[in-house]
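A short worksheet on the structure shown next.
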Amino acid sequence: PPLTSTFEDLCRSYFGVTPMVVSTGTRTGIRVTYDNPRDVGADRIVDSLAALKLYGGPVIVVDFGTATVFDAVSVDGEYLGGAIAPGVNVAAEALYLNTAQLRRVELARTQTAIGKNTIASLQSGLFTGHLAMVEGMIDRFREEMGGRVKVIGTGGLAPLFAKETNVFHAVNLELTLVGLRFVYELNHPEAS
């Protein structure tokens, strides 16, 4: 956010265009029912819009980025809310930086949940533990949303986790970009 105006100036100066910034007041086709709608990140709204338009609702979006973010959208296009957890790479880095003897390890699936050495134990805790958290959160969201809900994964690590579970209906690494296009078309109907 602190760089938004810098990028707006860059687009005007170097490309001769005024960029559209998704923020409060931008038409998105999503009704935000969050306690304070301004608190919801634009990425979460455009992901929710793309998932709703591409896959239908109700839908849960799981974004595997710096944070692992869960977003819930009703069949009617209401952004119901979500959850934010540390991303698996953030968690791994925190363990490395804040413990005396744990090292960095490659994020990988282990054959068993019970690690037989420190590396396998770290990998199990990070990968299998994170996957169990994701599956558990999806189960809880489904229960709160009334059962049949589509689940869409996005973000750089989505394919890695999706290979190990059957909770995802689809993985779409371009969800945010597609959502931005949908928002642009809503706000510039002449462009569609």
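Simple scheme: letters A, B, ... for chains in structure tokens order, numbers from 1 for residues in each chain, numbers from 1 for ligands in the order shown.
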Review point. Counting only C-alpha atoms, what is within 9 Å of region 98-105 of chain A, bar same-chain residues fewer than 5 positions away, as a ChimeraX atom specification?
Key: /A:92-93,118-120,122-123
Exercise for review: Fewer than 6 positions away in the same chain doesn't count, so skip those; otherwise give me all residues within 8 Å of Lys150 (chain A), counting only C-alpha atoms, as a ChimeraX atom specification.
Suggested key: /A:55-60,168-169
Practice item. Per DSSP on the backbone, filter region 4-188 of chain A down to the residues in strand (DSSP E) and report them as number ranges by chain. Key: A: 31-32, 59-64, 67-73, 78-86, 150-154, 170-171
Do a neighbour search on Thr18 (chain A) at 8 Å with only C-alpha atoms, toss out local chain neighbours closer than 3 positions, and write the hits as a PDB file with N, CA, C and O atoms, in the first residue's frame.
ATOM      1  N   GLU A   8       1.206   4.437  -9.373  1.00  0.00           N
ATOM      2  CA  GLU A   8       0.267   5.239 -10.172  1.00  0.00           C
ATOM      3  C   GLU A   8       1.040   6.297 -10.964  1.00  0.00           C
ATOM      4  O   GLU A   8       0.790   6.489 -12.161  1.00  0.00           O
ATOM      5  N   CYS A  11       2.976   4.657 -13.860  1.00  0.00           N
ATOM      6  CA  CYS A  11       2.103   4.313 -14.993  1.00  0.00           C
ATOM      7  C   CYS A  11       1.755   5.551 -15.814  1.00  0.00           C
ATOM      8  O   CYS A  11       1.762   5.510 -17.046  1.00  0.00           O
ATOM      9  N   ARG A  12       1.462   6.651 -15.129  1.00  0.00           N
ATOM     10  CA  ARG A  12       1.127   7.889 -15.852  1.00  0.00           C
ATOM     11  C   ARG A  12       2.349   8.421 -16.597  1.00  0.00           C
ATOM     12  O   ARG A  12       2.253   8.807 -17.760  1.00  0.00           O
TER      13      ARG A  12
END
Each region 94-192 of chain A residue no farther than 8 Å from region 25-45 of chain A, nearest pair in Å, only C-alpha atoms, as a tab-separated table:
residue	atom	partner	partner_atom	distance
A:Thr176	CA	A:Asp43	CA	6.5
A:Phe182	CA	A:Thr28	CA	7.9
A:Val183	CA	A:Thr28	CA	5.3
A:Leu186	CA	A:Arg27	CA	6.6
A:Asn187	CA	A:Arg27	CA	6.2
Exercise for review: From a DSSP pass on the backbone, collect the residues of chain A flagged as helix (DSSP H, G or I) and hand them back as a VMD selection string.
Suggested key: chain A and resid 4 to 15 37 to 39 42 to 55 88 to 98 118 to 145 158 to 162 175 to 187 189 to 191
Please write the residues from the selection above to a file, keeping C-alpha atoms, as a PDB file, in the first residue's frame.
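Generated output (out.pdb):
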ATOM      1  CA  THR A   4       0.481   2.583  -4.588  1.00  0.00           C
ATOM      2  CA  SER A   5       0.909   6.261  -5.418  1.00  0.00           C
ATOM      3  CA  THR A   6       4.452   5.603  -6.685  1.00  0.00           C
ATOM      4  CA  PHE A   7       3.150   2.990  -9.128  1.00  0.00           C
ATOM      5  CA  GLU A   8       0.267   5.239 -10.172  1.00  0.00           C
ATOM      6  CA  ASP A   9       2.806   7.989 -10.972  1.00  0.00           C
ATOM      7  CA  LEU A  10       5.017   5.490 -12.814  1.00  0.00           C
ATOM      8  CA  CYS A  11       2.103   4.313 -14.993  1.00  0.00           C
ATOM      9  CA  ARG A  12       1.127   7.889 -15.852  1.00  0.00           C
ATOM     10  CA  SER A  13       4.724   9.023 -16.535  1.00  0.00           C
ATOM     11  CA  TYR A  14       6.105   6.037 -18.411  1.00  0.00           C
ATOM     12  CA  PHE A  15       3.034   4.457 -19.998  1.00  0.00           C
ATOM     13  CA  PRO A  37     -15.207  -3.859   4.721  1.00  0.00           C
ATOM     14  CA  ARG A  38     -12.131  -1.603   4.377  1.00  0.00           C
ATOM     15  CA  ASP A  39     -10.110  -4.220   6.251  1.00  0.00           C
ATOM     16  CA  ALA A  42      -8.117  -6.089  -2.590  1.00  0.00           C
ATOM     17  CA  ASP A  43      -6.404  -9.374  -3.507  1.00  0.00           C
ATOM     18  CA  ARG A  44      -8.936 -11.280  -1.424  1.00  0.00           C
ATOM     19  CA  ILE A  45     -11.852  -9.561  -3.136  1.00  0.00           C
ATOM     20  CA  VAL A  46     -10.554 -10.052  -6.689  1.00  0.00           C
ATOM     21  CA  ASP A  47      -9.720 -13.705  -5.929  1.00  0.00           C
ATOM     22  CA  SER A  48     -13.236 -14.178  -4.564  1.00  0.00           C
ATOM     23  CA  LEU A  49     -14.789 -12.559  -7.633  1.00  0.00           C
ATOM     24  CA  ALA A  50     -12.760 -14.711 -10.025  1.00  0.00           C
ATOM     25  CA  ALA A  51     -13.585 -17.910  -8.127  1.00  0.00           C
ATOM     26  CA  LEU A  52     -17.278 -17.056  -8.038  1.00  0.00           C
ATOM     27  CA  LYS A  53     -17.459 -16.198 -11.753  1.00  0.00           C
ATOM     28  CA  LEU A  54     -15.305 -19.113 -12.930  1.00  0.00           C
ATOM     29  CA  TYR A  55     -16.519 -21.887 -10.632  1.00  0.00           C
ATOM     30  CA  VAL A  88       4.328 -22.427   5.332  1.00  0.00           C
ATOM     31  CA  ASN A  89       7.512 -20.615   4.209  1.00  0.00           C
ATOM     32  CA  VAL A  90       7.009 -17.937   6.874  1.00  0.00           C
ATOM     33  CA  ALA A  91       6.563 -20.675   9.476  1.00  0.00           C
ATOM     34  CA  ALA A  92       9.699 -22.469   8.280  1.00  0.00           C
ATOM     35  CA  GLU A  93      11.732 -19.265   8.401  1.00  0.00           C
ATOM     36  CA  ALA A  94      10.413 -18.459  11.882  1.00  0.00           C
ATOM     37  CA  LEU A  95      11.547 -21.869  13.143  1.00  0.00           C
ATOM     38  CA  TYR A  96      14.989 -21.392  11.615  1.00  0.00           C
ATOM     39  CA  LEU A  97      15.443 -17.842  12.951  1.00  0.00           C
ATOM     40  CA  ASN A  98      13.940 -18.354  16.393  1.00  0.00           C
ATOM     41  CA  THR A 118      15.252 -33.712  12.627  1.00  0.00           C
ATOM     42  CA  ILE A 119      14.951 -32.978   8.903  1.00  0.00           C
ATOM     43  CA  ALA A 120      12.055 -35.420   8.438  1.00  0.00           C
ATOM     44  CA  SER A 121      10.405 -34.101  11.613  1.00  0.00           C
ATOM     45  CA  LEU A 122      10.636 -30.521  10.349  1.00  0.00           C
ATOM     46  CA  GLN A 123       9.347 -31.485   6.911  1.00  0.00           C
ATOM     47  CA  SER A 124       6.465 -33.423   8.433  1.00  0.00           C
ATOM     48  CA  GLY A 125       5.541 -30.605  10.772  1.00  0.00           C
ATOM     49  CA  LEU A 126       5.765 -27.991   8.058  1.00  0.00           C
ATOM     50  CA  PHE A 127       4.216 -29.829   5.121  1.00  0.00           C
ATOM     51  CA  THR A 128       1.916 -32.418   6.690  1.00  0.00           C
ATOM     52  CA  GLY A 129       0.993 -30.092   9.545  1.00  0.00           C
ATOM     53  CA  HIS A 130       0.171 -27.257   7.164  1.00  0.00           C
ATOM     54  CA  LEU A 131      -1.845 -29.580   4.945  1.00  0.00           C
ATOM     55  CA  ALA A 132      -3.802 -30.844   7.974  1.00  0.00           C
ATOM     56  CA  MET A 133      -4.503 -27.234   8.978  1.00  0.00           C
ATOM     57  CA  VAL A 134      -5.758 -26.452   5.460  1.00  0.00           C
ATOM     58  CA  GLU A 135      -7.984 -29.546   5.353  1.00  0.00           C
ATOM     59  CA  GLY A 136      -9.302 -28.808   8.853  1.00  0.00           C
ATOM     60  CA  MET A 137     -10.086 -25.183   8.028  1.00  0.00           C
ATOM     61  CA  ILE A 138     -11.866 -26.200   4.833  1.00  0.00           C
ATOM     62  CA  ASP A 139     -13.958 -28.704   6.817  1.00  0.00           C
ATOM     63  CA  ARG A 140     -14.914 -26.008   9.329  1.00  0.00           C
ATOM     64  CA  PHE A 141     -15.721 -23.475   6.596  1.00  0.00           C
ATOM     65  CA  ARG A 142     -17.898 -26.051   4.810  1.00  0.00           C
ATOM     66  CA  GLU A 143     -19.760 -26.780   8.020  1.00  0.00           C
ATOM     67  CA  GLU A 144     -20.378 -23.071   8.656  1.00  0.00           C
ATOM     68  CA  MET A 145     -21.380 -22.483   5.019  1.00  0.00           C
ATOM     69  CA  ALA A 158      -1.103 -24.488  -4.246  1.00  0.00           C
ATOM     70  CA  PRO A 159      -0.044 -27.192  -6.749  1.00  0.00           C
ATOM     71  CA  LEU A 160       2.307 -28.784  -4.202  1.00  0.00           C
ATOM     72  CA  PHE A 161      -0.395 -29.061  -1.554  1.00  0.00           C
ATOM     73  CA  ALA A 162      -3.196 -29.939  -3.999  1.00  0.00           C
ATOM     74  CA  LEU A 175      -6.999 -16.290 -10.125  1.00  0.00           C
ATOM     75  CA  THR A 176      -5.919 -12.788  -9.033  1.00  0.00           C
ATOM     76  CA  LEU A 177      -5.140 -11.680 -12.585  1.00  0.00           C
ATOM     77  CA  VAL A 178      -8.464 -13.038 -13.838  1.00  0.00           C
ATOM     78  CA  GLY A 179     -10.239 -11.279 -10.973  1.00  0.00           C
ATOM     79  CA  LEU A 180      -8.516  -8.005 -11.855  1.00  0.00           C
ATOM     80  CA  ARG A 181      -9.742  -8.362 -15.436  1.00  0.00           C
ATOM     81  CA  PHE A 182     -13.303  -8.957 -14.199  1.00  0.00           C
ATOM     82  CA  VAL A 183     -13.108  -5.870 -11.940  1.00  0.00           C
ATOM     83  CA  TYR A 184     -11.742  -3.789 -14.810  1.00  0.00           C
ATOM     84  CA  GLU A 185     -14.579  -4.920 -17.091  1.00  0.00           C
ATOM     85  CA  LEU A 186     -17.163  -4.097 -14.408  1.00  0.00           C
ATOM     86  CA  ASN A 187     -15.751  -0.587 -14.098  1.00  0.00           C
ATOM     87  CA  PRO A 189     -17.949  -1.818 -19.670  1.00  0.00           C
ATOM     88  CA  GLU A 190     -16.736  -0.359 -22.955  1.00  0.00           C
ATOM     89  CA  ALA A 191     -13.583  -2.505 -22.665  1.00  0.00           C
TER      90      ALA A 191
END
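Counting only C-alpha atoms, the residue from A:Pro86, A:Gly147, A:Gly156, A:Gly16 that sits nearest to Ser74 (chain A) is A:Gly147.
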